[in-house]
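**Q** Got a file for you: final_35.txt, compact mmCIF, C-alpha atoms and all ligand atoms.
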```
# COMPACT_ATOMS: atom_id res chain seq x y z
CA MET A 1 78.82 -108.47 54.44
CA THR A 2 81.74 -107.18 52.37
CA ALA A 3 84.16 -104.93 54.27
CA SER A 4 83.50 -101.28 53.44
CA LEU A 5 86.18 -99.51 51.39
CA SER A 6 84.85 -96.14 52.51
CA THR A 7 85.18 -97.09 56.17
CA ALA A 8 88.76 -98.24 55.60
CA ALA A 9 89.61 -95.02 53.74
CA THR A 10 87.98 -92.80 56.35
CA GLU A 11 89.98 -94.46 59.09
CA LYS A 12 93.10 -93.07 57.42
CA GLY A 13 91.64 -89.64 56.68
CA ARG A 14 90.93 -90.43 53.05
CA TYR A 15 87.86 -91.24 50.97
CA PHE A 16 86.88 -94.02 48.62
CA GLY A 17 84.46 -93.53 45.77
CA THR A 18 83.40 -94.76 42.37
CA ALA A 19 82.04 -93.56 39.05
CA VAL A 20 78.35 -94.33 38.65
CA ARG A 21 75.34 -93.80 36.43
CA ILE A 22 72.03 -93.17 38.16
CA ASP A 23 70.15 -95.38 35.66
CA GLN A 24 72.44 -98.31 36.52
CA ILE A 25 72.00 -97.77 40.26
CA GLU A 26 68.22 -97.67 39.83
CA ALA A 27 68.22 -100.79 37.65
CA SER A 28 70.37 -102.91 39.98
CA PRO A 29 69.63 -103.26 43.71
CA ARG A 30 72.93 -105.13 44.12
CA LEU A 31 74.92 -102.32 42.53
CA ARG A 32 73.06 -99.82 44.70
CA GLN A 33 73.92 -101.88 47.77
CA ALA A 34 77.60 -102.11 46.79
CA VAL A 35 77.74 -98.35 46.18
CA LEU A 36 76.21 -97.66 49.58
CA ASN A 37 78.48 -100.19 51.28
CA ASP A 38 81.75 -99.02 49.75
CA CYS A 39 81.54 -95.37 48.77
CA GLY A 40 81.82 -92.00 50.42
CA PHE A 41 82.18 -90.14 47.11
CA LEU A 42 80.51 -90.50 43.71
CA THR A 43 81.61 -89.31 40.29
CA PRO A 44 78.96 -89.16 37.55
CA GLU A 45 80.44 -91.35 34.81
CA ILE A 46 78.64 -89.43 32.05
CA HIS A 47 75.81 -87.23 33.40
CA MET A 48 77.86 -84.08 34.00
CA LYS A 49 79.58 -84.02 30.63
CA TRP A 50 78.71 -81.15 28.30
CA ASN A 51 77.09 -83.36 25.64
CA ALA A 52 74.98 -85.02 28.35
CA LEU A 53 73.86 -81.75 29.95
CA GLN A 54 73.33 -79.60 26.86
CA PRO A 55 72.95 -81.74 23.73
CA ALA A 56 71.70 -78.73 21.74
CA ARG A 57 72.24 -75.02 22.31
CA ASP A 58 68.69 -74.46 23.52
CA HIS A 59 68.15 -77.85 25.10
CA TRP A 60 69.35 -78.66 28.60
CA THR A 61 68.95 -82.19 30.02
CA PRO A 62 70.16 -82.07 33.63
CA GLY A 63 67.74 -84.79 34.82
CA PRO A 64 70.24 -87.64 35.31
CA ALA A 65 72.88 -85.35 36.87
CA ASP A 66 70.28 -83.92 39.24
CA GLY A 67 69.09 -87.46 40.01
CA LEU A 68 72.59 -88.53 40.91
CA VAL A 69 73.07 -85.49 43.12
CA ARG A 70 69.77 -86.27 44.88
CA PHE A 71 70.83 -89.90 45.40
CA ALA A 72 74.15 -88.68 46.86
CA GLN A 73 72.45 -86.20 49.15
CA ALA A 74 69.87 -88.72 50.37
CA ASN A 75 72.68 -91.10 51.30
CA GLU A 76 75.16 -88.54 52.60
CA LEU A 77 77.63 -89.15 49.80
CA ARG A 78 79.90 -86.44 48.40
CA VAL A 79 80.20 -85.67 44.69
CA ARG A 80 83.22 -85.12 42.39
CA GLY A 81 82.05 -83.29 39.29
CA HIS A 82 83.34 -84.66 35.99
CA ALA A 83 84.13 -82.87 33.72
CA LEU A 84 83.53 -79.25 32.71
CA LEU A 85 85.76 -79.28 29.63
CA TRP A 86 86.74 -82.43 27.76
CA HIS A 87 87.45 -82.59 24.03
CA ASN A 88 85.62 -85.93 23.87
CA SER A 89 82.37 -84.74 25.39
CA THR A 90 81.96 -81.32 23.84
CA PRO A 91 78.72 -81.34 21.84
CA HIS A 92 79.04 -80.72 18.11
CA TRP A 93 76.98 -77.54 18.24
CA ALA A 94 79.40 -76.06 20.81
CA GLU A 95 82.49 -77.13 18.88
CA ASP A 96 81.09 -75.52 15.74
CA GLU A 97 80.29 -72.33 17.61
CA ILE A 98 83.73 -72.21 19.28
CA VAL A 99 85.51 -72.68 15.95
CA ARG A 100 83.25 -70.23 14.12
CA GLU A 101 83.13 -67.41 16.65
CA ARG A 102 86.22 -67.96 18.82
CA ASN A 103 84.20 -66.24 21.48
CA TRP A 104 85.05 -67.28 25.05
CA ASN A 105 81.40 -66.73 26.03
CA THR A 106 80.46 -70.11 24.55
CA VAL A 107 82.64 -71.83 27.15
CA GLY A 108 82.32 -69.18 29.85
CA ARG A 109 78.53 -69.29 29.86
CA TYR A 110 78.52 -73.09 30.03
CA ILE A 111 80.93 -73.24 32.97
CA GLU A 112 79.02 -70.52 34.79
CA ALA A 113 75.74 -72.36 34.33
CA VAL A 114 76.95 -75.81 35.35
CA ALA A 115 79.44 -74.97 38.11
CA GLY A 116 76.80 -72.53 39.38
CA ARG A 117 73.95 -75.04 39.28
CA TYR A 118 75.91 -77.55 41.36
CA ARG A 119 77.81 -75.06 43.52
CA ASP A 120 76.40 -76.45 46.76
CA HIS A 121 76.68 -80.11 45.75
CA VAL A 122 79.89 -80.69 43.84
CA GLU A 123 82.85 -80.53 46.20
CA GLU A 124 85.56 -81.02 43.63
CA TRP A 125 85.42 -80.48 39.86
CA ASP A 126 87.54 -81.91 37.10
CA VAL A 127 87.56 -78.55 35.34
CA VAL A 128 89.74 -79.60 32.43
CA ASN A 129 89.95 -83.26 31.50
CA GLU A 130 92.86 -84.68 29.50
CA PRO A 131 94.64 -81.52 28.32
CA ILE A 132 97.97 -83.35 27.86
CA ASP A 133 99.12 -84.98 24.64
CA ALA A 134 102.63 -86.36 24.28
CA ASP A 135 102.52 -85.69 20.54
CA GLY A 136 101.04 -82.23 20.92
CA SER A 137 103.11 -79.49 19.34
CA THR A 138 102.61 -76.77 21.99
CA ASP A 139 104.12 -77.51 25.40
CA GLY A 140 102.76 -81.05 25.44
CA LEU A 141 99.19 -79.71 25.34
CA ARG A 142 96.53 -81.51 23.36
CA ASP A 143 95.55 -80.00 20.04
CA ASN A 144 91.84 -79.75 20.81
CA VAL A 145 89.08 -77.34 19.85
CA PHE A 146 89.82 -75.13 22.88
CA MET A 147 93.55 -74.85 22.08
CA ARG A 148 92.84 -74.05 18.45
CA SER A 149 90.34 -71.32 19.25
CA TYR A 150 91.63 -69.75 22.46
CA GLY A 151 95.27 -70.87 22.78
CA SER A 152 96.79 -72.45 25.87
CA SER A 153 95.21 -69.85 28.17
CA TYR A 154 91.92 -71.78 27.91
CA ILE A 155 92.96 -73.90 30.89
CA ALA A 156 93.52 -70.96 33.25
CA ARG A 157 90.39 -69.21 31.97
CA ALA A 158 88.29 -72.32 32.60
CA LEU A 159 89.64 -72.60 36.15
CA GLU A 160 88.89 -68.94 36.82
CA ALA A 161 85.38 -69.24 35.42
CA ALA A 162 84.72 -72.31 37.60
CA HIS A 163 86.10 -70.54 40.65
CA ALA A 164 83.87 -67.52 40.04
CA ALA A 165 80.76 -69.68 39.70
CA ALA A 166 81.52 -72.10 42.55
CA PRO A 167 83.95 -70.38 44.92
CA LYS A 168 83.87 -73.18 47.50
CA ALA A 169 84.48 -76.04 45.04
CA ARG A 170 87.95 -77.50 44.84
CA LEU A 171 89.24 -77.37 41.27
CA ALA A 172 91.28 -80.03 39.52
CA ILE A 173 92.88 -80.98 36.23
CA ASN A 174 92.47 -84.66 35.45
CA ASP A 175 94.56 -86.77 33.08
CA TYR A 176 95.79 -90.29 32.25
CA SER A 177 98.86 -92.40 31.45
CA PHE A 178 101.30 -91.25 34.10
CA GLU A 179 101.96 -94.63 35.72
CA TYR A 180 104.40 -96.65 33.67
CA ASP A 181 108.07 -96.54 32.79
CA ASN A 182 107.98 -95.87 29.05
CA SER A 183 108.94 -92.88 26.94
CA THR A 184 105.39 -91.78 26.10
CA GLU A 185 104.36 -91.65 29.74
CA GLN A 186 107.63 -89.96 30.68
CA VAL A 187 106.89 -87.17 28.18
CA ARG A 188 103.34 -86.95 29.52
CA ARG A 189 104.53 -86.67 33.15
CA THR A 190 106.97 -83.91 32.24
CA ALA A 191 104.37 -81.98 30.24
CA PHE A 192 101.83 -82.30 33.05
CA LEU A 193 104.27 -81.05 35.72
CA LYS A 194 105.20 -78.09 33.52
CA LEU A 195 101.56 -77.20 33.01
CA LEU A 196 100.88 -77.35 36.76
CA GLU A 197 103.92 -75.22 37.47
CA ARG A 198 102.82 -72.56 34.96
CA LEU A 199 99.33 -72.45 36.45
CA LYS A 200 100.54 -72.27 40.05
CA THR A 201 103.12 -69.58 39.24
CA ALA A 202 100.40 -67.49 37.60
CA GLY A 203 98.22 -67.81 40.71
CA THR A 204 95.45 -69.68 38.88
CA PRO A 205 92.79 -71.20 41.17
CA LEU A 206 93.90 -74.83 41.01
CA ASP A 207 93.62 -76.98 44.13
CA ALA A 208 94.18 -80.53 43.01
CA VAL A 209 95.11 -82.92 40.26
CA GLY A 210 93.28 -86.04 39.24
CA LEU A 211 95.38 -89.01 38.22
CA GLN A 212 93.08 -91.35 36.34
CA ALA A 213 95.14 -94.53 36.92
CA HIS A 214 93.76 -96.76 34.19
CA LEU A 215 96.30 -99.48 34.96
CA ASP A 216 97.32 -101.88 32.21
CA LEU A 217 98.90 -105.29 32.72
CA SER A 218 100.59 -105.13 29.31
CA LYS A 219 102.66 -102.09 30.25
CA GLY A 220 105.25 -103.65 32.54
CA PRO A 221 105.94 -103.28 36.23
CA LEU A 222 104.96 -100.19 38.17
CA LYS A 223 108.06 -98.59 39.60
CA PRO A 224 108.17 -96.63 42.85
CA GLU A 225 111.26 -94.78 41.59
CA ILE A 226 109.16 -93.40 38.71
CA LEU A 227 105.92 -92.71 40.54
CA LYS A 228 107.12 -91.36 43.86
CA PRO A 229 109.12 -88.39 42.55
CA PHE A 230 106.22 -87.51 40.22
CA LEU A 231 103.78 -87.43 43.14
CA ALA A 232 106.29 -85.57 45.30
CA GLU A 233 106.64 -82.83 42.67
CA ILE A 234 102.88 -82.36 42.52
CA ALA A 235 102.65 -82.35 46.31
CA GLY A 236 105.53 -79.86 46.45
CA MET A 237 103.42 -77.38 44.47
CA GLY A 238 100.86 -77.47 47.27
CA LEU A 239 98.35 -79.44 45.21
CA ASP A 240 96.19 -82.27 46.50
CA ILE A 241 96.03 -85.48 44.52
CA ALA A 242 93.01 -87.63 43.76
CA ILE A 243 93.18 -91.05 42.13
CA THR A 244 90.13 -90.61 39.95
CA GLU A 245 89.49 -93.51 37.54
CA LEU A 246 91.25 -96.59 38.89
CA ASP A 247 90.73 -99.85 36.98
CA VAL A 248 92.89 -102.48 35.32
CA ASN A 249 93.02 -103.51 31.69
CA GLU A 250 93.98 -107.19 31.60
CA HIS A 251 96.64 -108.54 29.27
CA ASP A 252 95.86 -112.24 29.01
CA ARG A 253 92.24 -113.37 29.34
CA ARG A 254 93.12 -117.03 28.60
CA LEU A 255 94.47 -117.68 32.09
CA SER A 256 92.34 -119.18 34.86
CA LEU A 257 89.97 -116.75 36.57
CA ARG A 258 91.89 -117.24 39.79
CA GLU A 259 95.19 -116.27 38.15
CA ARG A 260 93.63 -113.33 36.31
CA ASP A 261 92.05 -111.96 39.47
CA ALA A 262 95.31 -112.39 41.35
CA ARG A 263 97.22 -110.41 38.71
CA VAL A 264 94.67 -107.59 38.73
CA ALA A 265 94.69 -107.45 42.53
CA ASP A 266 98.50 -107.47 42.68
CA GLU A 267 98.74 -104.57 40.25
CA VAL A 268 96.23 -102.54 42.26
CA ARG A 269 97.93 -103.35 45.55
CA ARG A 270 101.30 -102.34 44.13
CA TYR A 271 99.95 -99.11 42.69
CA LEU A 272 98.03 -98.07 45.78
CA ASP A 273 100.86 -98.96 48.13
CA ILE A 274 103.08 -96.58 46.19
CA VAL A 275 100.64 -93.69 45.82
CA LEU A 276 99.05 -93.90 49.28
CA ASP A 277 102.49 -93.38 50.74
CA GLU A 278 102.06 -89.76 49.61
CA PRO A 279 99.98 -87.85 52.20
CA LYS A 280 98.67 -85.45 49.54
CA VAL A 281 96.74 -88.33 47.96
CA LYS A 282 93.35 -87.63 49.52
CA GLY A 283 91.20 -90.33 48.01
CA VAL A 284 90.71 -93.14 45.55
CA THR A 285 87.88 -93.49 43.01
CA THR A 286 87.45 -96.56 40.80
CA TRP A 287 85.91 -96.15 37.33
CA GLY A 288 82.91 -98.25 38.22
CA LEU A 289 82.43 -101.00 40.81
CA SER A 290 81.26 -103.94 38.72
CA ASP A 291 82.81 -105.52 35.63
CA GLU A 292 79.33 -105.51 34.12
CA HIS A 293 79.55 -101.76 33.58
CA SER A 294 83.22 -101.25 32.80
CA TRP A 295 84.18 -99.11 29.79
CA LEU A 296 87.03 -101.60 29.27
CA GLN A 297 84.75 -104.39 28.06
CA PRO A 298 85.41 -105.58 24.53
CA THR A 299 82.20 -105.06 22.50
CA GLY A 300 79.72 -107.85 23.07
CA ALA A 301 81.97 -109.69 25.57
CA LYS A 302 80.31 -112.09 28.00
CA GLY A 303 81.44 -114.55 30.68
CA ALA A 304 85.17 -115.22 30.76
CA ALA A 305 85.74 -112.81 27.86
CA LEU A 306 84.85 -109.90 30.15
CA ASN A 307 87.71 -107.80 31.46
CA ARG A 308 87.98 -108.28 35.25
CA GLY A 309 89.47 -104.93 36.22
CA LEU A 310 87.03 -103.63 38.87
CA PRO A 311 86.42 -104.60 42.54
CA TYR A 312 83.24 -106.65 41.83
CA ASP A 313 82.55 -109.15 39.06
CA ALA A 314 79.59 -108.88 36.69
CA VAL A 315 77.17 -110.40 39.25
CA LEU A 316 78.43 -108.16 42.02
CA GLU A 317 80.57 -110.69 43.87
CA PRO A 318 83.62 -109.02 45.41
CA LYS A 319 86.95 -110.11 43.91
CA PRO A 320 90.54 -110.07 45.17
CA MET A 321 90.83 -106.51 43.81
CA HIS A 322 88.33 -105.42 46.48
CA ARG A 323 90.46 -107.00 49.20
CA ALA A 324 93.58 -105.42 47.72
CA ILE A 325 92.08 -101.91 47.83
CA HIS A 326 90.89 -102.51 51.37
CA ALA A 327 94.32 -103.68 52.51
CA SER A 328 96.15 -100.80 50.80
CA LEU A 329 93.79 -98.21 52.25
CA LEU A 330 94.50 -99.52 55.74
CA ALA A 331 98.25 -100.16 55.30
O1 LIG A 401 83.34 -94.61 31.05
C1 LIG A 401 82.84 -93.55 30.25
C2 LIG A 401 82.01 -94.08 29.11
O2 LIG A 401 80.86 -94.76 29.62
C3 LIG A 401 81.58 -92.94 28.21
O3 LIG A 401 80.92 -93.48 27.07
C4 LIG A 401 82.79 -92.16 27.77
C5 LIG A 401 82.39 -90.93 26.96
O4 LIG A 401 81.64 -90.04 27.74
O5 LIG A 401 83.55 -91.71 28.88
C6 LIG A 401 84.01 -92.76 29.69
O6 LIG A 401 84.75 -92.22 30.78
C7 LIG A 401 86.00 -91.63 30.46
C8 LIG A 401 86.20 -90.46 31.40
O7 LIG A 401 85.13 -89.57 31.30
C9 LIG A 401 87.52 -89.75 31.13
N1 LIG A 401 88.63 -90.67 31.17
C10 LIG A 401 88.48 -91.88 30.35
C11 LIG A 401 87.17 -92.59 30.69
C12 LIG A 401 87.04 -93.88 29.89
O8 LIG A 401 86.94 -93.59 28.53
```
What do you get writing this file as structure tokens?
Ligand code: 9MR
**A**
Amino acid sequence: MTASLSTAATEKGRYFGTAVRIDQIEASPRLRQAVLNDCGFLTPEIHMKWNALQPARDHWTPGPADGLVRFAQANELRVRGHALLWHNSTPHWAEDEIVRERNWNTVGRYIEAVAGRYRDHVEEWDVVNEPIDADGSTDGLRDNVFMRSYGSSYIARALEAAHAAAPKARLAINDYSFEYDNSTEQVRRTAFLKLLERLKTAGTPLDAVGLQAHLDLSKGPLKPEILKPFLAEIAGMGLDIAITELDVNEHDRRLSLRERDARVADEVRRYLDIVLDEPKVKGVTTWGLSDEHSWLQPTGAKGAALNRGLPYDAVLEPKPMHRAIHASLLA
């Protein structure tokens, strides 16, 4: 029996979870078993995105999201909702309507319906996903359909709408590329901190931030002197921190499997040892459990060509990354 990551996390007052799809859990008894063994929290990888829930204006398809919530409830697992607003998952009909009418109701009605539907089941929501863009012209904010139609206030308005519909849910902003010591990520960190500061100063209902943590072995060493002050600034604003999409993009897939797995595990251990030193980091979620389902897979890759950046390999055998997470959670 593989040691449980959730048990290790809980021992230290934290949680461990993963992103899942209900169809994949139902198709794979081994994945189901790994999820039940390791997780206390689940994030729907796609089912709670706008284009998944409402592919056409008059057509709602909440079946998979409801199925995931039922699975979570039946197994006493908690749910992180992902994501109310994301430029990449806004259905075309909604984008067209937002651009044409510039009427907040298009977004407001959606958030009310979805945050309301899951108000008793989703404990924490990624309300706005990926609002930062280092090349963005306005305050480091991404030039997306919401910015263009409503201006930068769309973030605060989305948080308020979510709070009104689900007053008990904890609300987060989730974003990526904050980990490494390079100029792009430095600009992103600064823009993110400024955004959080503006929201907190204005009294916006924001409880937490999600740091995606898509680690990347080509980006150079992780540095505590970069990461720690970043986390400390977020914590200093009274915000909780969730690691929301942890995985590792490999750099060199020609090495032996043993060496590759060691490198992935070392990167994860290093990252988690730094971030778990911050008490405001309340939990860790990986973006999937098994390499079979990772978004990082090169198209059509099989066997050794698969990226090995999740805790279990493609046949659900635990890898050194699993042991690394376990050790960091308990350290
Ligand atoms: O892993 C997800 C992939 O299966 C979906 O096709 C894609 C579009 O919905 O989203 C992926 O998840 C993303 C997450 O929602 C936000 N951060 C980046 C993740 C990887 O692209």
**Q** Which one of A:Asp139, A:Gly203, A:Glu124, A:Leu296 sits closest to A:Ala169 if you count all atoms listed in the file?
**A**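 Checking each of A:Asp139, A:Gly203, A:Glu124, A:Leu296 against A:Ala169, counting all atoms listed in the file, the winner is A:Glu124.
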**Q** Name the closest residue to ligand LIG 401 (chain A) among the candidates A:Asn144, A:Thr286, A:Asn103, A:Asn88; distances are taken between atoms, counting all atoms listed in the file.
**A** A:Asn88
**Q** Assuming 8 Å of padding per side, give the centre and edge lengths of the axis-aligned box around every listed atom of ligand LIG 401 (chain A), in Å to one decimal and as AutoDock Vina command-line options.
**A**
```
--center_x 84.7 --center_y -92.2 --center_z 29.2 --size_x 23.8 --size_y 21.2 --size_z 20.4
```
**Q** Please check which protein, DNA or RNA residues sit within 8 Å of ligand LIG 401 (chain A), counting only C-alpha atoms and all ligand atoms, and write them as a VMD selection string.
**A** chain A and resid 45 to 46 49 82 to 83 88 to 89 129 to 130 175 to 176 212 245 287 294 to 296
**Q** For A:Ala213, which residue out of A:Val275, A:Thr184, A:Leu159, A:Ile173 is the nearest one, using only C-alpha atoms?
**A**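 Smallest distance to A:Ala213 is found for A:Val275.
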**Q** For the atom pair atom CA of A:His87 and atom CA of A:Asn51, what is the interatomic distance in Å to one decimal place?
**A**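 Here the two named atoms are 10.5 Å from each other.
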**Q** As a PDB file, in the frame of the given file, please: stretch 251-262 of chain A completed to all heavy atoms.
**A**
```
ATOM      1  N   HIS A 251      95.782-108.281  30.429  1.00  0.00           N
ATOM      2  CA  HIS A 251      96.640-108.540  29.270  1.00  0.00           C
ATOM      3  C   HIS A 251      96.296-109.884  28.646  1.00  0.00           C
ATOM      4  O   HIS A 251      96.247-110.028  27.429  1.00  0.00           O
ATOM      5  CB  HIS A 251      98.088-108.501  29.749  1.00  0.00           C
ATOM      6  CG  HIS A 251      99.077-108.704  28.652  1.00  0.00           C
ATOM      7  ND1 HIS A 251      98.974-108.063  27.433  1.00  0.00           N
ATOM      8  CD2 HIS A 251     100.192-109.469  28.579  1.00  0.00           C
ATOM      9  CE1 HIS A 251      99.977-108.428  26.676  1.00  0.00           C
ATOM     10  NE2 HIS A 251     100.733-109.280  27.330  1.00  0.00           N
ATOM     11  N   ASP A 252      96.037-110.877  29.510  1.00  0.00           N
ATOM     12  CA  ASP A 252      95.860-112.240  29.010  1.00  0.00           C
ATOM     13  C   ASP A 252      94.584-112.851  29.601  1.00  0.00           C
ATOM     14  O   ASP A 252      94.581-113.305  30.741  1.00  0.00           O
ATOM     15  CB  ASP A 252      97.082-113.081  29.384  1.00  0.00           C
ATOM     16  CG  ASP A 252      97.041-114.454  28.718  1.00  0.00           C
ATOM     17  OD1 ASP A 252      95.998-114.791  28.122  1.00  0.00           O
ATOM     18  OD2 ASP A 252      98.052-115.173  28.806  1.00  0.00           O
ATOM     19  N   ARG A 253      93.521-112.867  28.821  1.00  0.00           N
ATOM     20  CA  ARG A 253      92.240-113.370  29.340  1.00  0.00           C
ATOM     21  C   ARG A 253      92.103-114.874  29.154  1.00  0.00           C
ATOM     22  O   ARG A 253      91.025-115.429  29.361  1.00  0.00           O
ATOM     23  CB  ARG A 253      91.070-112.616  28.690  1.00  0.00           C
ATOM     24  CG  ARG A 253      91.101-111.120  28.968  1.00  0.00           C
ATOM     25  CD  ARG A 253      89.765-110.437  28.656  1.00  0.00           C
ATOM     26  NE  ARG A 253      89.909-108.988  28.811  1.00  0.00           N
ATOM     27  CZ  ARG A 253      90.028-108.124  27.793  1.00  0.00           C
ATOM     28  NH1 ARG A 253      89.987-108.551  26.563  1.00  0.00           N
ATOM     29  NH2 ARG A 253      90.172-106.837  28.029  1.00  0.00           N
ATOM     30  N   ARG A 254      93.192-115.562  28.751  1.00  0.00           N
ATOM     31  CA  ARG A 254      93.120-117.030  28.600  1.00  0.00           C
ATOM     32  C   ARG A 254      93.505-117.762  29.874  1.00  0.00           C
ATOM     33  O   ARG A 254      93.311-118.964  29.999  1.00  0.00           O
ATOM     34  CB  ARG A 254      94.033-117.493  27.459  1.00  0.00           C
ATOM     35  CG  ARG A 254      93.573-117.029  26.087  1.00  0.00           C
ATOM     36  CD  ARG A 254      94.693-117.161  25.093  1.00  0.00           C
ATOM     37  NE  ARG A 254      95.900-116.522  25.636  1.00  0.00           N
ATOM     38  CZ  ARG A 254      97.082-116.486  25.021  1.00  0.00           C
ATOM     39  NH1 ARG A 254      97.226-117.070  23.846  1.00  0.00           N
ATOM     40  NH2 ARG A 254      98.112-115.886  25.559  1.00  0.00           N
ATOM     41  N   LEU A 255      94.060-117.035  30.831  1.00  0.00           N
ATOM     42  CA  LEU A 255      94.470-117.680  32.090  1.00  0.00           C
ATOM     43  C   LEU A 255      93.243-118.070  32.904  1.00  0.00           C
ATOM     44  O   LEU A 255      92.119-117.673  32.576  1.00  0.00           O
ATOM     45  CB  LEU A 255      95.340-116.708  32.898  1.00  0.00           C
ATOM     46  CG  LEU A 255      96.595-116.198  32.188  1.00  0.00           C
ATOM     47  CD1 LEU A 255      97.211-115.040  32.964  1.00  0.00           C
ATOM     48  CD2 LEU A 255      97.604-117.350  32.050  1.00  0.00           C
ATOM     49  N   SER A 256      93.471-118.838  33.990  1.00  0.00           N
ATOM     50  CA  SER A 256      92.340-119.180  34.860  1.00  0.00           C
ATOM     51  C   SER A 256      91.824-117.907  35.533  1.00  0.00           C
ATOM     52  O   SER A 256      92.581-116.943  35.717  1.00  0.00           O
ATOM     53  CB  SER A 256      92.790-120.178  35.926  1.00  0.00           C
ATOM     54  OG  SER A 256      93.670-119.522  36.828  1.00  0.00           O
ATOM     55  N   LEU A 257      90.543-117.923  35.913  1.00  0.00           N
ATOM     56  CA  LEU A 257      89.970-116.750  36.570  1.00  0.00           C
ATOM     57  C   LEU A 257      90.758-116.409  37.827  1.00  0.00           C
ATOM     58  O   LEU A 257      90.985-115.249  38.146  1.00  0.00           O
ATOM     59  CB  LEU A 257      88.504-116.989  36.933  1.00  0.00           C
ATOM     60  CG  LEU A 257      87.499-117.029  35.783  1.00  0.00           C
ATOM     61  CD1 LEU A 257      86.082-116.975  36.336  1.00  0.00           C
ATOM     62  CD2 LEU A 257      87.720-115.910  34.775  1.00  0.00           C
ATOM     63  N   ARG A 258      91.158-117.472  38.541  1.00  0.00           N
ATOM     64  CA  ARG A 258      91.890-117.240  39.790  1.00  0.00           C
ATOM     65  C   ARG A 258      93.204-116.480  39.517  1.00  0.00           C
ATOM     66  O   ARG A 258      93.535-115.515  40.213  1.00  0.00           O
ATOM     67  CB  ARG A 258      92.190-118.589  40.451  1.00  0.00           C
ATOM     68  CG  ARG A 258      93.025-118.471  41.710  1.00  0.00           C
ATOM     69  CD  ARG A 258      93.503-119.846  42.114  1.00  0.00           C
ATOM     70  NE  ARG A 258      92.450-120.626  42.735  1.00  0.00           N
ATOM     71  CZ  ARG A 258      92.284-120.689  44.055  1.00  0.00           C
ATOM     72  NH1 ARG A 258      93.097-120.038  44.858  1.00  0.00           N
ATOM     73  NH2 ARG A 258      91.317-121.406  44.564  1.00  0.00           N
ATOM     74  N   GLU A 259      93.918-116.917  38.486  1.00  0.00           N
ATOM     75  CA  GLU A 259      95.190-116.270  38.150  1.00  0.00           C
ATOM     76  C   GLU A 259      94.948-114.833  37.649  1.00  0.00           C
ATOM     77  O   GLU A 259      95.676-113.902  38.010  1.00  0.00           O
ATOM     78  CB  GLU A 259      95.901-117.107  37.067  1.00  0.00           C
ATOM     79  CG  GLU A 259      97.212-116.532  36.545  1.00  0.00           C
ATOM     80  CD  GLU A 259      98.285-116.360  37.625  1.00  0.00           C
ATOM     81  OE1 GLU A 259      98.229-117.084  38.649  1.00  0.00           O
ATOM     82  OE2 GLU A 259      99.168-115.492  37.458  1.00  0.00           O
ATOM     83  N   ARG A 260      93.934-114.677  36.824  1.00  0.00           N
ATOM     84  CA  ARG A 260      93.630-113.330  36.310  1.00  0.00           C
ATOM     85  C   ARG A 260      93.301-112.376  37.459  1.00  0.00           C
ATOM     86  O   ARG A 260      93.809-111.256  37.519  1.00  0.00           O
ATOM     87  CB  ARG A 260      92.441-113.405  35.339  1.00  0.00           C
ATOM     88  CG  ARG A 260      92.802-114.078  34.021  1.00  0.00           C
ATOM     89  CD  ARG A 260      91.564-114.326  33.185  1.00  0.00           C
ATOM     90  NE  ARG A 260      90.816-113.087  32.915  1.00  0.00           N
ATOM     91  CZ  ARG A 260      89.620-113.054  32.341  1.00  0.00           C
ATOM     92  NH1 ARG A 260      89.021-114.172  31.963  1.00  0.00           N
ATOM     93  NH2 ARG A 260      89.016-111.903  32.128  1.00  0.00           N
ATOM     94  N   ASP A 261      92.444-112.838  38.368  1.00  0.00           N
ATOM     95  CA  ASP A 261      92.050-111.960  39.470  1.00  0.00           C
ATOM     96  C   ASP A 261      93.229-111.637  40.374  1.00  0.00           C
ATOM     97  O   ASP A 261      93.325-110.527  40.922  1.00  0.00           O
ATOM     98  CB  ASP A 261      90.915-112.605  40.277  1.00  0.00           C
ATOM     99  CG  ASP A 261      89.604-112.587  39.499  1.00  0.00           C
ATOM    100  OD1 ASP A 261      89.549-111.927  38.435  1.00  0.00           O
ATOM    101  OD2 ASP A 261      88.630-113.232  39.947  1.00  0.00           O
ATOM    102  N   ALA A 262      94.131-112.628  40.520  1.00  0.00           N
ATOM    103  CA  ALA A 262      95.310-112.390  41.350  1.00  0.00           C
ATOM    104  C   ALA A 262      96.203-111.322  40.709  1.00  0.00           C
ATOM    105  O   ALA A 262      96.719-110.431  41.380  1.00  0.00           O
ATOM    106  CB  ALA A 262      96.089-113.689  41.545  1.00  0.00           C
TER     107      ALA A 262
END
```
